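Taking it in order: structure first as structure tokens, then the write-up.
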Amino acid sequence: MKISYNWLSSFIKTDLEVQKIGEILTNTGLEVEGIEQTGSGNHNLEGVVVGKVISLEKHPNADKLRVAMVDVGTGEHLQIVCGAPNIEEEQKVPVATVGTVLTSPDGKSFTIKEAKLRGVDSSGMICSEAELGVSENNDGIWVLEPAYKVGTPISELIKKPTADTLIEIGLTPNRTDAMSHFGVARDLNAALNVLKIKGELMPPNVEEFESLGNSGKNPIQVEVKNPELAPRYAGLYLENVTIKPSPEWLQDRLKTIGLNPINNVVDITNYILHDLGQPLHAFDADKIADQKIIVQTLPEKTKFKTLDGVERELNGTELMICDAKGGMCMAGVYGGADSGVSDSTKRIFLESAYFNPVSVRKSSKFHTINTDSSFRFERGVDPNMAIIALKKAAILLAAHADAKVVGEILDIYPTPIAHTQTVVRYHKIDQLLGEKLHREQIKKILESLDIQIISESNETLEVSIPPYRADVQREVDIIEEILRIYGYNKIKTPEKISFSAVKNEEKNPQRIENAVAQTLVSLGFHEAMNNSVVKADYQQIFGLDESKEVKLLNPLSSDLALMRQSMMPGLLENVAYNFNRKNSNIKLFEFGKIYNKEKKGFDEKYRLAIVLSGNKTSDNWANPAIKTNFYTLKGIVMEIMKRIGITDLTEKPVVNSTYSDALSLEINGQEIGVLGIVSKPVLKKMDVSQEVFFAELNWDLMVKIASEFQLKYKEISKFPAVKRDLALLLEKSIVYQDLFASTQEMKLELVKSVQLFDVYEGDKLPEGKKSYAMSFTLLNEEKTLSDVEIDEVMNKLIRNFQEKFNAELRN
């Protein structure tokens with residue numbers, strides 16, 4: 001969101017420099033992403049004159065460039081190479097002559113010099129409005145009025161924008177209260193009060209409205225048929241309107257925040273939106289059939305042409321602003337093609353309303369229309385600002401459009417939106433903040449945020465929250481507001497943390513998920529969060545079942561057309577993104593749902609996906625880098641299983657076009673996951689040129705098993721464990737899982753762990769044979785093992801391997 005410092009200063013008086021204001025706003029949660037000087041403060045028009053394009057020819061060496069001969073009043077024509085698409089012969093244009101110093105959009109100065117562009121000499125530069133700091137319009141060159149005299153300095157003909165400072169705020173979607181200059185000023189004032197910095201908030205003053213006359217009777221009637229979708233609808237009738245350019249100060253403010261001025265009426269409605277956060281809509285009153293407005297929904301498949309000239313088909317749920325002939329405006333979203341203000345408009349009906357946020361959001365998303373108005377309405381504007389906004393707009397229209405108010409304001413507000421009330425506990429504030437704030441300071445912060453204290457006790461505060469704070473509903477929201485204004489940076493980090501280990505009997509799925517996520521993070525992973533909606537062509541790339549695909553009814557584009565059936569596409573996009581930016585060592589995991597269409601309906605399954613690529617360890621002076629391989633991934637998966645108590649897994653090879661080699665993990669006949677090496681054809685289509693290892697695990701099943709697992713505590717044995725190794729010569733068809741399972745079936749109490757530490761296949765072994773080296777850990781927790789006991793166990797193991805697998809001992 002863009003904020004003008006000059007504009008902000010009309011709501012709050014402070015001696016602070018803009019950089020300090022940016023710091024305070026960031027600390028309160030309105031993160032300032034950039035501060036930039038605008039207007040005459042960073043543009044110099046000296047050396048820029050009016051020129052006339054005498055002739056225009058195609059550049060011999062470039063299709064998109066043209067060579068212009070330009071008269072700048074010196075007697076000699078300048079040859080200038082220009083790439084603007086809108087340049088034409090006979091145009092009057094601004095020309096920066098050789099030696100002129102201009103300022104680029106990033107604030108750096110550069111000098112116009114004699115140049116050769118693609119082999120053609122160029123002596124000067126034909127400029128756009130943005131290059132001269134007149135506006136942000138950089139779509140083409142600035143075409144001047146034909147009456148301008150050639151050679152006249154531009155500085156004599158135009159007024160440079162007033163010096164200002166643009167503050168760019170990365171606003172989070174929940175902060176609708178701060179989606180205006182007044183909203184930001186209100187938040188800044190609360191922070192200044194707590195910091196004990198001098199500041200004075202100046203709320204919008206609309207007292208002048210009472211002197212505008214209000215003669216006669218408002219000729220427009222309004223009927224709201226859907227009050228649940230339009231809880232408040234207000235309007236004002238103005239006549240004697242003169243459509244003309246806005247005053248320069250208003251144009252300057254709009255230009256600073258990136259808006260192009262249109263005319264006084266449109267500019268004033270835009271101004272009020274960014275001034276107070278209240279969208280307004282101006283109807284040409286003479287175009288309202290029967291002089292009556294009806295707020296209602298229209299039947300499904302009704303045609304409605306919007307301002308952009310597109311005819312849209314309604315779905316029957318959109319709230320529409322209608323007259324006797326039909327729809328004039330899609331409430332809170334977009335105006336109709338035939339009801340707006342034009343150069344011939346003399347009378348207007350000015351609308352100011354509070355529309356149901358859900359209704360506006362559905363209409364906006366269904367028709368893929370995003371406007372400044374819908375952005376605010378669908379998040380919840382301040383219902384109490386509707387009348388103030390109307391009055392301020394009327395004052396501006398009277399001053400700058402010669403408008404006269406007729407009649408009183410129509411205000412249909414049958415059920416006023418009440419303040420939200422909740423109770424906040426002092427001990428809960430202390431607990432969440434980790435610090436005990438003075439009770440008076442807490443109350444002062446709440447009051448500075450317009451949160452009224454209804455009643456209080458030694459332990460609690462009962463508070464009333466104004467409707468414009470739609471994001472503050474619960475006790476924890478109040479505490480967040482207190483912390484936000486008090487300052488996150490003021491909370492001290494404790495030097496030590498004391499706690500008692502308590503056995504947790506609760507098998508909460510979220511706790512299990514957090515435990516696994518923490519395990520993965522400790523292993524060097526980062527968590528990814530991808531969109532559940534994926535590209536339609538992923539079906540073929542990943543060999544997914546088209547009969548089970550879940551299609552969106554109204555996709556925004558082909559890139560967002562299907563619900564994902566696998567976690568792999570999103571994570572491979574992450575891999576490609578990182579790889580293309582020279583980050584080739586990748587460890588990512590993601591929790592999320594996959595979606596399938598079944599005979600009984602739609603099915604959602606929760607999954608844990610893991611992706612590995614690149615090196616396992618980084619290269620350094622002591623050790624060379626170690627590449628990630630399949631066993632790296634398998635070890636991580638097994639560590640996760642062990643972490644939540646899942647054992648006795650069965651391994652089976654899998655044939656799948658997505659993998660070049662894969663393994664299925666099963667427990668009691670149920671597949672708990674698949675892990676493997678992603679196939680090269682898939683990687684090529686995803687623009688990845690290095691090996692990738694991927695696992696997708698059935699999280700629902702894992703949580704179910706983990707919930708049944710009972711953690712057991714026991715004392716560490718004081719007797720030593722013993723390790724014994726066996727080297728076995730086996731048939732190549734035998735896998736380690738078979739040997740491990742066979743050992744488990746023997747139920748040898750003294751055998752505590754089994755590990756494969758070496759595999760050898762080579763010409764030194766008989767054909768069709770391989771060697772497995774296995775390590776066995778033996779322990780008796782009640783006494784020290786004797787050699788006889790150890791030999792007895794090892795002999796049992798050897799006989800078992802010989803009988804079941806025809807194994808031979810190697811020396």
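Identifiers in this document derive from the order of the structure tokens: chains are assigned A, B, ..., residues are numbered from 1 separately in each chain, and ligands are numbered from 1 in order of occurrence.
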Inset, instruction - Write out as a PyMOL selection string each polymer residue whose atoms come within 6 Å of range 417-420 of chain A, counting only C-alpha atoms; drop sequence neighbours fewer than 5 positions from it. - result: chain A and resi 464-467
Inset, instruction - Give me the residues within 7 Å of range 289-300 of chain A as JSON, numbers by chain, counting only C-alpha atoms and dropping any in the same chain fewer than 3 places off. - result: {"A": [219, 220, 221, 222, 223, 224, 225, 226, 314, 315, 316, 317, 318, 319, 320, 321, 322, 323, 324, 325]}
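Close contacts of range 28-35 of chain A, defined as residues with an atom at most 7 Å away when counting only C-alpha atoms, with chain neighbours fewer than 4 positions off set aside, comprise Gly22, Ile24, Thr165, Leu166, Ile167, Glu168, Ile169, Gly170, Leu171, Arg484, Ile485 and Gly487 of chain A.
Those residues that approach Tyr413 in chain A to within 9 Å, counting only C-alpha atoms, are Pro227, Ala230, Pro231, Arg232, Tyr233, Ala234, Asp411, Thr415, Pro416 and Ile417 of chain A; same-chain residues fewer than 2 positions away are not listed.
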Emit the selected residues as a tab-separated table (two decimals), in the first residue's frame, including N, CA and C atoms.
chain	number	residue	atom	x	y	z
A	227	PRO	N	-31.12	-6.53	2.94
A	227	PRO	CA	-30.38	-5.82	3.99
A	227	PRO	C	-29.26	-6.65	4.62
A	230	ALA	N	-26.47	-5.81	2.39
A	230	ALA	CA	-26.14	-4.38	2.44
A	230	ALA	C	-26.63	-3.82	3.76
A	231	PRO	N	-25.94	-4.12	4.86
A	231	PRO	CA	-26.39	-3.65	6.18
A	231	PRO	C	-26.56	-2.13	6.27
A	232	ARG	N	-25.72	-1.40	5.52
A	232	ARG	CA	-25.87	0.06	5.53
A	232	ARG	C	-25.71	0.59	4.11
A	233	TYR	N	-26.69	1.40	3.70
A	233	TYR	CA	-26.62	2.00	2.37
A	233	TYR	C	-27.00	3.47	2.49
A	234	ALA	N	-26.06	4.35	2.11
A	234	ALA	CA	-26.29	5.78	2.23
A	234	ALA	C	-26.00	6.46	0.89
A	411	ASP	N	-29.90	7.48	4.49
A	411	ASP	CA	-29.11	6.54	5.28
A	411	ASP	C	-30.00	5.39	5.73
A	415	THR	N	-30.21	-2.15	11.13
A	415	THR	CA	-29.60	-2.86	12.27
A	415	THR	C	-28.14	-2.46	12.39
A	416	PRO	N	-27.86	-1.42	13.17
A	416	PRO	CA	-26.47	-0.96	13.30
A	416	PRO	C	-25.54	-2.09	13.76
A	417	ILE	N	-24.37	-2.11	13.16
A	417	ILE	CA	-23.37	-3.13	13.52
A	417	ILE	C	-22.77	-2.77	14.87
Inset, instruction - For range 81-84 of chain A, list every protein, DNA or RNA residue within 7 Å, evaluated using only C-alpha atoms, and leave out those in the same chain fewer than 2 positions away; present the list as a ChimeraX atom specification. - result: /A:64-68,79,86-87,122,126,140-141
Legend entry - Straight-line distance linking CA of Ile154 in chain A with CA of Val49 in chain A, stated in Å to one decimal: 5.1 Å
Inset, instruction - Work out how far CA of Ile442 in chain A is from CA of Ile454 in chain A, in Å to one decimal. - result: 14.3 Å
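Between Leu45 in chain A and the candidates A:Glu76, A:Asp15, A:Glu131, A:Glu546, the tightest atom-to-atom separation, counting only C-alpha atoms, involves A:Glu131.
For range 636-647 of chain A, the non-local neighbours within 7 Å, defined as residues at least 4 positions apart in the same chain or in other chains and counting only C-alpha atoms, are A:Val516, A:Thr632, A:Ile705, A:Ala706, A:Phe709.
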Any chance you could export the current selection's C-alpha atoms as a short mmCIF file (atom, residue, chain, number, x, y, z; two decimals), in the first residue's frame?
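Generated file (result_22.cif):
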data_model
loop_
_atom_site.label_atom_id
_atom_site.label_comp_id
_atom_site.auth_asym_id
_atom_site.auth_seq_id
_atom_site.Cartn_x
_atom_site.Cartn_y
_atom_site.Cartn_z
CA VAL A 516 8.00 -34.28 13.15
CA THR A 632 19.99 -40.34 2.73
CA ILE A 705 -0.44 -45.38 14.46
CA ALA A 706 1.45 -42.75 16.45
CA PHE A 709 1.95 -45.84 20.39
#
Legend entry - CA of Thr371 in chain A to CA of Pro357 in chain A, distance in Å rounded to a single decimal: 13.9 Å
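The environment of Thr111 in chain A within 8 Å, counting only C-alpha atoms and disregarding residues fewer than 4 places along the same chain, consists of Val98, Gly99, Thr100, Val101 and Leu102 of chain A.
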Store the residues picked out above, limited to C-alpha atoms, as a JSON list (two decimals), in the first residue's frame.
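So again_36.json came out as:
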[["chain", "number", "residue", "atom", "x", "y", "z"],
["A", 98, "VAL", "CA", 22.41, 16.57, -24.89],
["A", 99, "GLY", "CA", 23.79, 17.53, -21.48],
["A", 100, "THR", "CA", 20.44, 17.29, -19.67],
["A", 101, "VAL", "CA", 20.56, 15.45, -16.33],
["A", 102, "LEU", "CA", 17.56, 13.20, -15.68]]
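Taking only C-alpha atoms into account, Lys627 in chain A lies nearest to A:Glu691 out of the set A:Glu782, A:Glu691, A:Asp661, A:Asp338.
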Step one, run DSSP on the backbone; step two, keep only residues of range 17-233 of chain A assigned to helix (DSSP H, G or I); then write them as a PDB file with C-alpha atoms, in the first residue's frame.
ATOM      1  CA  VAL A  18       9.928  10.365   7.762  1.00  0.00           C
ATOM      2  CA  GLN A  19      12.611   7.690   8.337  1.00  0.00           C
ATOM      3  CA  LYS A  20      11.731   7.578  12.047  1.00  0.00           C
ATOM      4  CA  ILE A  21       8.024   7.386  11.197  1.00  0.00           C
ATOM      5  CA  GLY A  22       8.791   4.416   8.941  1.00  0.00           C
ATOM      6  CA  GLU A  23      10.652   2.709  11.787  1.00  0.00           C
ATOM      7  CA  ILE A  24       7.760   3.234  14.229  1.00  0.00           C
ATOM      8  CA  LEU A  25       5.179   1.969  11.715  1.00  0.00           C
ATOM      9  CA  THR A  26       7.258  -1.148  11.081  1.00  0.00           C
ATOM     10  CA  ASN A  27       7.541  -1.833  14.806  1.00  0.00           C
ATOM     11  CA  GLY A  39       7.900  15.250  -7.143  1.00  0.00           C
ATOM     12  CA  SER A  40      10.250  18.155  -7.698  1.00  0.00           C
ATOM     13  CA  GLY A  41      12.553  16.896  -5.024  1.00  0.00           C
ATOM     14  CA  ALA A 130       7.576   9.179 -15.670  1.00  0.00           C
ATOM     15  CA  GLU A 131      11.059  10.113 -16.926  1.00  0.00           C
ATOM     16  CA  LEU A 132      10.303  13.746 -16.145  1.00  0.00           C
ATOM     17  CA  ILE A 154       9.126  22.467 -20.386  1.00  0.00           C
ATOM     18  CA  SER A 155       9.579  24.084 -16.982  1.00  0.00           C
ATOM     19  CA  GLU A 156       7.684  27.162 -18.240  1.00  0.00           C
ATOM     20  CA  LEU A 157       4.691  25.143 -19.394  1.00  0.00           C
ATOM     21  CA  THR A 176      -8.397  -3.195   6.874  1.00  0.00           C
ATOM     22  CA  ASP A 177      -8.355  -0.471   9.505  1.00  0.00           C
ATOM     23  CA  ALA A 178      -5.035   0.756   8.102  1.00  0.00           C
ATOM     24  CA  HIS A 181      -4.086   7.554   5.227  1.00  0.00           C
ATOM     25  CA  PHE A 182      -6.322   8.238   8.208  1.00  0.00           C
ATOM     26  CA  GLY A 183      -6.036   4.605   9.322  1.00  0.00           C
ATOM     27  CA  VAL A 184      -2.226   4.752   9.223  1.00  0.00           C
ATOM     28  CA  ALA A 185      -2.262   8.094  11.062  1.00  0.00           C
ATOM     29  CA  ARG A 186      -4.535   6.613  13.729  1.00  0.00           C
ATOM     30  CA  ASP A 187      -2.159   3.675  14.276  1.00  0.00           C
ATOM     31  CA  LEU A 188       0.898   5.942  14.282  1.00  0.00           C
ATOM     32  CA  ASN A 189      -0.729   8.182  16.886  1.00  0.00           C
ATOM     33  CA  ALA A 190      -1.340   5.217  19.200  1.00  0.00           C
ATOM     34  CA  ALA A 191       2.345   4.268  18.968  1.00  0.00           C
ATOM     35  CA  LEU A 192       3.491   7.866  19.583  1.00  0.00           C
ATOM     36  CA  ASN A 193       1.337   8.055  22.726  1.00  0.00           C
ATOM     37  CA  VAL A 194       2.988   4.956  24.176  1.00  0.00           C
ATOM     38  CA  LEU A 195       6.460   6.182  23.180  1.00  0.00           C
ATOM     39  CA  GLU A 207     -18.506  20.526   9.958  1.00  0.00           C
ATOM     40  CA  GLU A 208     -18.494  22.569   6.740  1.00  0.00           C
ATOM     41  CA  PHE A 209     -21.070  20.166   5.276  1.00  0.00           C
ATOM     42  CA  GLU A 210     -23.802  21.774   7.355  1.00  0.00           C
ATOM     43  CA  SER A 211     -23.289  25.060   5.490  1.00  0.00           C
TER      44      SER A 211
END
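Distances from A:Lys2, A:Lys747, A:Arg810, A:Lys436 to Lys796 in chain A were compared using only C-alpha atoms, and the smallest one belongs to A:Lys747.
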Inset, instruction - Please return as a list in words: the residues of range 381-494 of chain A that backbone DSSP assigns to strand (DSSP E). - result: Lys404, Val405, Val406, Gly407, Glu408, Ile409, Leu410, Asp411, Ile412, Thr420, Gln421, Thr422, Val423, Val424, Arg425, Gln452, Ile453, Ile454, Ser455, Glu456, Thr460, Leu461, Glu462, Val463, Ser464 and Ile465 of chain A
